[in-house]
$ cat my_file.cif   # mmCIF, C-alpha atoms
data_coords
loop_
_atom_site.label_atom_id
_atom_site.label_comp_id
_atom_site.auth_asym_id
_atom_site.auth_seq_id
_atom_site.Cartn_x
_atom_site.Cartn_y
_atom_site.Cartn_z
CA MET A 5 -64.53 0.50 75.79
CA LYS A 6 -61.91 0.75 73.04
CA PRO A 7 -59.32 -2.08 72.91
CA GLY A 8 -56.40 0.29 73.56
CA ILE A 9 -57.99 1.71 76.72
CA ARG A 10 -59.00 -1.75 77.90
CA ARG A 11 -55.43 -2.96 77.50
CA LEU A 12 -54.05 0.03 79.43
CA ILE A 13 -56.39 -0.68 82.34
CA GLU A 14 -55.70 -4.42 82.27
CA ASP A 15 -51.95 -3.69 82.35
CA LEU A 16 -52.42 -1.98 85.71
CA ARG A 17 -53.30 -5.30 87.32
CA GLY A 18 -50.03 -6.60 88.66
CA ALA A 19 -48.16 -3.35 88.00
CA ARG A 20 -45.24 -2.99 90.41
CA VAL A 21 -45.77 0.36 92.11
CA LEU A 22 -43.64 2.20 94.65
CA VAL A 23 -45.24 4.98 96.69
CA VAL A 24 -42.65 7.40 98.10
CA HIS A 25 -44.79 9.26 100.62
CA PRO A 26 -45.00 9.48 104.42
CA ARG A 27 -47.10 6.69 105.92
CA ASP A 28 -49.91 9.00 106.96
CA VAL A 29 -53.63 8.99 106.17
CA GLU A 30 -53.10 10.21 102.61
CA GLY A 31 -50.21 7.87 101.92
CA ASP A 32 -52.19 4.89 103.17
CA ALA A 33 -55.23 5.98 101.14
CA LEU A 34 -53.13 6.08 97.98
CA ILE A 35 -51.65 2.65 98.66
CA ASP A 36 -55.10 1.18 99.40
CA GLN A 37 -56.55 2.60 96.17
CA LEU A 38 -53.66 1.24 94.10
CA LYS A 39 -54.21 -2.18 95.67
CA ARG A 40 -57.91 -1.99 94.81
CA ILE A 41 -56.94 -1.31 91.20
CA GLY A 42 -54.92 -4.53 91.32
CA CYS A 43 -51.38 -3.18 91.56
CA ASN A 44 -48.57 -4.76 93.54
CA VAL A 45 -47.76 -1.85 95.85
CA ARG A 46 -45.26 -1.01 98.54
CA GLY A 47 -44.64 2.24 100.39
CA MET A 48 -41.33 3.84 101.30
CA TRP A 49 -40.35 6.87 103.37
CA PRO A 50 -38.02 8.69 103.63
CA PRO A 51 -37.03 8.73 99.93
CA PRO A 52 -34.37 6.10 99.16
CA ALA A 53 -30.93 7.00 97.83
CA GLU A 54 -31.77 4.96 94.72
CA LEU A 55 -35.01 3.62 93.34
CA PRO A 56 -35.45 -0.17 93.39
CA ASN A 57 -34.98 -1.88 90.04
CA ASP A 58 -38.12 -4.01 90.36
CA VAL A 59 -40.73 -1.25 90.00
CA ASP A 60 -42.39 0.00 86.83
CA THR A 61 -44.37 2.92 88.32
CA VAL A 62 -43.43 5.42 91.03
CA PHE A 63 -45.66 7.86 92.91
CA HIS A 64 -43.28 10.34 94.53
CA LEU A 65 -44.03 13.29 96.80
CA VAL A 66 -42.39 16.46 95.44
CA GLU A 67 -41.40 18.73 98.28
CA THR A 68 -39.37 21.88 98.84
CA ALA A 69 -35.60 21.90 99.04
CA GLU A 70 -35.71 21.90 102.85
CA THR A 71 -37.34 18.47 102.97
CA PRO A 72 -35.75 15.09 102.11
CA ALA A 73 -33.98 14.89 98.80
CA PHE A 74 -36.16 14.41 95.74
CA ILE A 75 -34.21 11.71 93.91
CA ALA A 76 -36.75 10.22 91.54
CA SER A 77 -37.36 11.59 88.08
CA ALA A 78 -38.53 10.36 84.73
CA SER A 79 -35.64 9.02 82.66
CA GLU A 80 -35.17 7.19 79.40
CA ASP A 81 -34.97 3.75 81.00
CA GLY A 82 -36.78 4.52 84.22
CA PRO A 83 -40.29 3.67 85.41
CA THR A 84 -43.47 5.61 84.83
CA PHE A 85 -43.22 8.59 87.16
CA VAL A 86 -46.18 10.29 88.87
CA ALA A 87 -45.43 13.32 91.02
CA ILE A 88 -47.48 14.08 94.14
CA VAL A 89 -47.71 17.83 94.71
CA ASP A 90 -48.83 19.62 97.85
CA TYR A 91 -47.88 23.30 97.77
CA GLU A 92 -47.71 24.87 94.30
CA ASN A 93 -44.98 27.38 95.11
CA PRO A 94 -42.16 28.26 92.65
CA THR A 95 -39.68 25.84 94.26
CA VAL A 96 -42.02 22.87 94.05
CA LEU A 97 -43.09 23.75 90.52
CA LYS A 98 -39.44 23.92 89.43
CA ARG A 99 -38.76 20.51 90.96
CA LEU A 100 -41.87 19.19 89.22
CA LEU A 101 -40.65 20.45 85.85
CA ASP A 102 -37.15 19.07 86.49
CA SER A 103 -38.65 15.65 87.18
CA ASN A 104 -40.20 15.34 83.69
CA ALA A 105 -43.16 13.63 85.38
CA HIS A 106 -45.60 11.68 83.25
CA GLY A 107 -48.50 12.57 85.56
CA VAL A 108 -49.39 14.61 88.63
CA VAL A 109 -51.57 13.93 91.69
CA ASN A 110 -52.52 16.96 93.76
CA LYS A 111 -53.01 16.82 97.51
CA PRO A 112 -55.28 16.18 99.27
CA ILE A 113 -55.16 12.78 97.56
CA ARG A 114 -58.55 11.51 96.43
CA PRO A 115 -59.02 7.87 95.38
CA SER A 116 -61.35 8.88 92.55
CA GLY A 117 -58.56 10.35 90.43
CA ILE A 118 -55.86 7.72 90.84
CA LEU A 119 -56.96 5.30 88.10
CA SER A 120 -57.24 7.95 85.39
CA THR A 121 -53.95 9.55 86.41
CA MET A 122 -52.13 6.22 86.30
CA VAL A 123 -53.62 5.21 82.94
CA LEU A 124 -52.63 8.56 81.43
CA ALA A 125 -49.14 8.49 82.95
CA ARG A 126 -48.38 4.96 81.72
CA SER A 127 -49.74 5.87 78.29
CA MET A 128 -47.46 8.92 78.18
CA ARG A 129 -44.48 6.78 79.24
CA GLY A 130 -45.21 4.31 76.46
CA TYR A 131 -45.46 7.13 73.93
CA ALA A 132 -42.16 8.60 75.18
CA ARG A 133 -40.43 5.23 74.78
CA ARG A 134 -41.71 4.85 71.23
CA LEU A 135 -40.58 8.38 70.43
CA GLU A 136 -37.15 7.73 71.94
CA GLY A 137 -36.86 4.59 69.81
CA LYS A 138 -37.70 6.52 66.64
CA VAL A 139 -35.18 9.24 67.49
CA GLN A 140 -32.47 6.65 68.14
CA LYS A 141 -33.23 4.90 64.85
CA LEU A 142 -33.09 8.22 63.00
CA GLU A 143 -29.75 9.07 64.60
CA GLU A 144 -28.37 5.68 63.59
CA THR A 145 -29.63 6.18 60.03
CA LEU A 146 -28.02 9.62 59.79
CA LYS A 147 -24.72 8.30 61.14
CA ALA A 148 -24.79 5.43 58.64
CA ARG A 149 -25.44 7.91 55.82
CA ARG A 150 -22.50 10.07 56.94
CA ASP A 151 -20.21 7.03 57.13
CA VAL A 152 -21.21 5.89 53.64
CA ASP A 153 -20.60 9.38 52.25
CA LYS A 154 -17.19 9.49 53.92
CA ALA A 155 -16.27 6.05 52.61
CA VAL A 156 -17.33 7.08 49.09
CA LYS A 157 -14.98 10.08 49.25
CA ILE A 158 -12.14 7.86 50.47
CA LEU A 159 -12.59 5.46 47.55
CA VAL A 160 -12.87 8.34 45.08
CA SER A 161 -9.55 9.69 46.35
CA LEU A 162 -7.68 6.38 46.52
CA LYS A 163 -9.02 4.67 43.40
CA LYS A 164 -9.50 7.79 41.27
CA ILE A 165 -13.07 6.85 40.40
CA GLY A 166 -16.38 8.66 40.38
CA GLU A 167 -18.72 8.84 43.35
CA ALA A 168 -21.33 6.67 41.64
CA GLU A 169 -18.78 3.92 41.05
CA ALA A 170 -17.45 4.20 44.61
CA TYR A 171 -20.99 3.93 45.97
CA GLU A 172 -21.62 0.86 43.82
CA LEU A 173 -18.42 -0.75 45.13
CA ILE A 174 -19.64 -0.34 48.70
CA ARG A 175 -23.09 -1.63 47.82
CA SER A 176 -21.62 -4.63 45.99
CA GLN A 177 -19.36 -5.53 48.93
CA ALA A 178 -22.30 -5.24 51.33
CA THR A 179 -24.33 -7.62 49.19
CA GLN A 180 -21.52 -10.15 48.76
CA LYS A 181 -20.57 -10.22 52.41
CA ARG A 182 -24.16 -9.92 53.69
CA LEU A 183 -23.38 -6.78 55.61
CA SER A 184 -25.03 -3.38 55.73
CA MET A 185 -23.52 -0.60 53.67
CA ALA A 186 -22.82 1.21 56.94
CA GLN A 187 -20.71 -1.74 58.15
CA VAL A 188 -18.70 -1.79 54.90
CA ALA A 189 -18.28 1.98 55.10
CA ALA A 190 -16.98 1.71 58.68
CA THR A 191 -14.44 -0.88 57.49
CA VAL A 192 -13.24 1.45 54.72
CA ILE A 193 -12.91 4.35 57.15
CA GLY A 194 -11.04 2.17 59.65
CA ALA A 195 -8.73 0.88 56.91
CA GLN A 196 -7.89 4.44 55.88
CA ASP A 197 -6.96 5.29 59.48
CA VAL A 198 -4.67 2.23 59.69
CA LEU A 199 -3.04 2.90 56.32
CA THR A 200 -2.45 6.53 57.25
CA GLY A 201 -0.89 5.47 60.54
CA LEU A 202 1.43 3.09 58.70
CA GLY A 203 2.41 5.81 56.26
CA LEU A 204 1.05 3.89 53.27
CA ILE A 205 -1.17 6.79 52.26
CA GLY A 206 -0.40 10.43 52.78
CA ASP A 207 -2.19 13.09 54.76
CA GLY A 208 -3.06 14.71 51.46
CA ASP A 209 -5.21 11.73 50.50
CA ARG A 210 -6.78 11.79 53.97
CA ARG A 211 -7.62 15.47 53.75
CA GLN A 212 -9.24 14.98 50.36
CA SER A 213 -11.58 12.41 51.90
#

$ encode --input "my_file.cif" --output "structure tokens"
Amino acid sequence: MKPGIRRLIEDLRGARVLVVHPRDVEGDALIDQLKRIGCNVRGMWPPPAELPNDVDTVFHLVETAETPAFIASASEDGPTFVAIVDYENPTVLKRLLDSNAHGVVNKPIRPSGILSTMVLARSMRGYARRLEGKVQKLEETLKARRDVDKAVKILVSLKKIGEAEAYELIRSQATQKRLSMAQVAATVIGAQDVLTGLGLIGDGDRRQS
């Protein structure tokens, strides 16, 4: 067994799982199988108004609009979400897509498929989190680049210097003060706003930047 797969399976032991499903034969079978895997499981029905904060994986029955409200869905900071699907009609399929589920269990529930579904779902959740982190970092980098460019234009306008020299001024200040260039740029932009508000620089200078 590869180390990555072994770690995923070992992580299931002690996983805090919530099963949102009627306490019937199938619901109890799912809970029993999760316990055999080693998870810390509890069942809940009807669906709660809010999910508990102390769970990292949720198995949730997706039903039609006429049945109790389907409140759980995969979110950026939420738990791993596995949808349980009974009837594959258009309404249920739409609710399944809206949930952004990381995995699906079809009814009738069979114990043999629970382990693989859970491993895959938790792996997908981990991948999604890493992807979200990369996207956030990229957005922060792009914003920092825009702020530096804006600060360069402000310095070019106010000090009547070239862009290369303005960029070097920002870089030098960042080095001296042990700040990022984005932090120095934000200070320059904020200073321009204050000076404009005080009437110490004109709107013409602001528009040029």

$ closest_atom_pairs --input "my_file.cif" --of "region 89-124 of chain A" --to "region 30-52 of chain A" --cutoff "12 Å" --atoms "all atoms listed in the file" --output "Markdown table"
| residue | atom | partner | partner_atom | distance |
| --- | --- | --- | --- | --- |
| A:Asp90 | CA | A:Glu30 | CA | 11.4 |
| A:Val109 | CA | A:Leu34 | CA | 10.2 |
| A:Asn110 | CA | A:Glu30 | CA | 11.1 |
| A:Lys111 | CA | A:Glu30 | CA | 8.3 |
| A:Pro112 | CA | A:Glu30 | CA | 7.2 |
| A:Ile113 | CA | A:Glu30 | CA | 6.0 |
| A:Arg114 | CA | A:Leu34 | CA | 7.8 |
| A:Pro115 | CA | A:Gln37 | CA | 5.9 |
| A:Ser116 | CA | A:Gln37 | CA | 8.7 |
| A:Gly117 | CA | A:Gln37 | CA | 9.9 |
| A:Ile118 | CA | A:Gln37 | CA | 7.4 |
| A:Leu119 | CA | A:Ile41 | CA | 7.3 |
| A:Ser120 | CA | A:Ile41 | CA | 10.9 |
| A:Thr121 | CA | A:Leu38 | CA | 11.3 |
| A:Met122 | CA | A:Leu38 | CA | 9.4 |
| A:Val123 | CA | A:Ile41 | CA | 11.0 |

$ closest_residue --input "my_file.cif" --among "A:Glu172, A:Val188, A:Pro83, A:Val66" --to "Met128 (chain A)" --atoms "all atoms listed in the file"
A:Pro83

$ closest_residue --input "my_file.cif" --among "A:Arg149, A:Thr95, A:Gly82, A:Val89" --to "Ala132 (chain A)" --atoms "all atoms listed in the file"
A:Gly82

$ atom_distance --input "my_file.cif" --atom1 "CA of Glu92 (chain A)" --atom2 "CA of Ala105 (chain A)"
15.1 Å

$ closest_residue --input "my_file.cif" --among "A:His64, A:Lys138, A:Arg182, A:Lys147" --to "Gly107 (chain A)" --atoms "only C-alpha atoms"
A:His64

$ resolve_selection --input "my_file.cif" --expression "the PyMOL selection byres ((chain A and resi 167) around 12)" --output "PyMOL selection string"
chain A and resi 152-166+168-174+213

$ write_last_selection --input "my_file.cif" --atoms "C-alpha atoms" --output "PDB file, in the coordinates of the input"
ATOM      1  CA  VAL A 152     -21.210   5.890  53.640  1.00  0.00           C
ATOM      2  CA  ASP A 153     -20.600   9.380  52.250  1.00  0.00           C
ATOM      3  CA  LYS A 154     -17.190   9.490  53.920  1.00  0.00           C
ATOM      4  CA  ALA A 155     -16.270   6.050  52.610  1.00  0.00           C
ATOM      5  CA  VAL A 156     -17.330   7.080  49.090  1.00  0.00           C
ATOM      6  CA  LYS A 157     -14.980  10.080  49.250  1.00  0.00           C
ATOM      7  CA  ILE A 158     -12.140   7.860  50.470  1.00  0.00           C
ATOM      8  CA  LEU A 159     -12.590   5.460  47.550  1.00  0.00           C
ATOM      9  CA  VAL A 160     -12.870   8.340  45.080  1.00  0.00           C
ATOM     10  CA  SER A 161      -9.550   9.690  46.350  1.00  0.00           C
ATOM     11  CA  LEU A 162      -7.680   6.380  46.520  1.00  0.00           C
ATOM     12  CA  LYS A 163      -9.020   4.670  43.400  1.00  0.00           C
ATOM     13  CA  LYS A 164      -9.500   7.790  41.270  1.00  0.00           C
ATOM     14  CA  ILE A 165     -13.070   6.850  40.400  1.00  0.00           C
ATOM     15  CA  GLY A 166     -16.380   8.660  40.380  1.00  0.00           C
ATOM     16  CA  ALA A 168     -21.330   6.670  41.640  1.00  0.00           C
ATOM     17  CA  GLU A 169     -18.780   3.920  41.050  1.00  0.00           C
ATOM     18  CA  ALA A 170     -17.450   4.200  44.610  1.00  0.00           C
ATOM     19  CA  TYR A 171     -20.990   3.930  45.970  1.00  0.00           C
ATOM     20  CA  GLU A 172     -21.620   0.860  43.820  1.00  0.00           C
ATOM     21  CA  LEU A 173     -18.420  -0.750  45.130  1.00  0.00           C
ATOM     22  CA  ILE A 174     -19.640  -0.340  48.700  1.00  0.00           C
ATOM     23  CA  SER A 213     -11.580  12.410  51.900  1.00  0.00           C
TER      24      SER A 213
END

$ atom_distance --input "my_file.cif" --atom1 "CA of Ser127 (chain A)" --atom2 "CA of His106 (chain A)"
8.7 Å

$ residues_around --input "my_file.cif" --residues "Ala87 (chain A)" --least-positions-apart "5" --cutoff "6 Å" --atoms "all atoms listed in the file" --output "number ranges by chain"
A: 63-65, 108

$ atom_distance --input "my_file.cif" --atom1 "CA of His25 (chain A)" --atom2 "CA of Glu67 (chain A)"
10.3 Å

$ closest_residue --input "my_file.cif" --among "A:Leu183, A:Leu146, A:Leu16, A:Val96" --to "Thr61 (chain A)" --atoms "only C-alpha atoms"
A:Leu16

$ closest_residue --input "my_file.cif" --among "A:Asn93, A:Thr179, A:Asn104, A:Gln187" --to "Glu144 (chain A)" --atoms "all atoms listed in the file"
A:Gln187
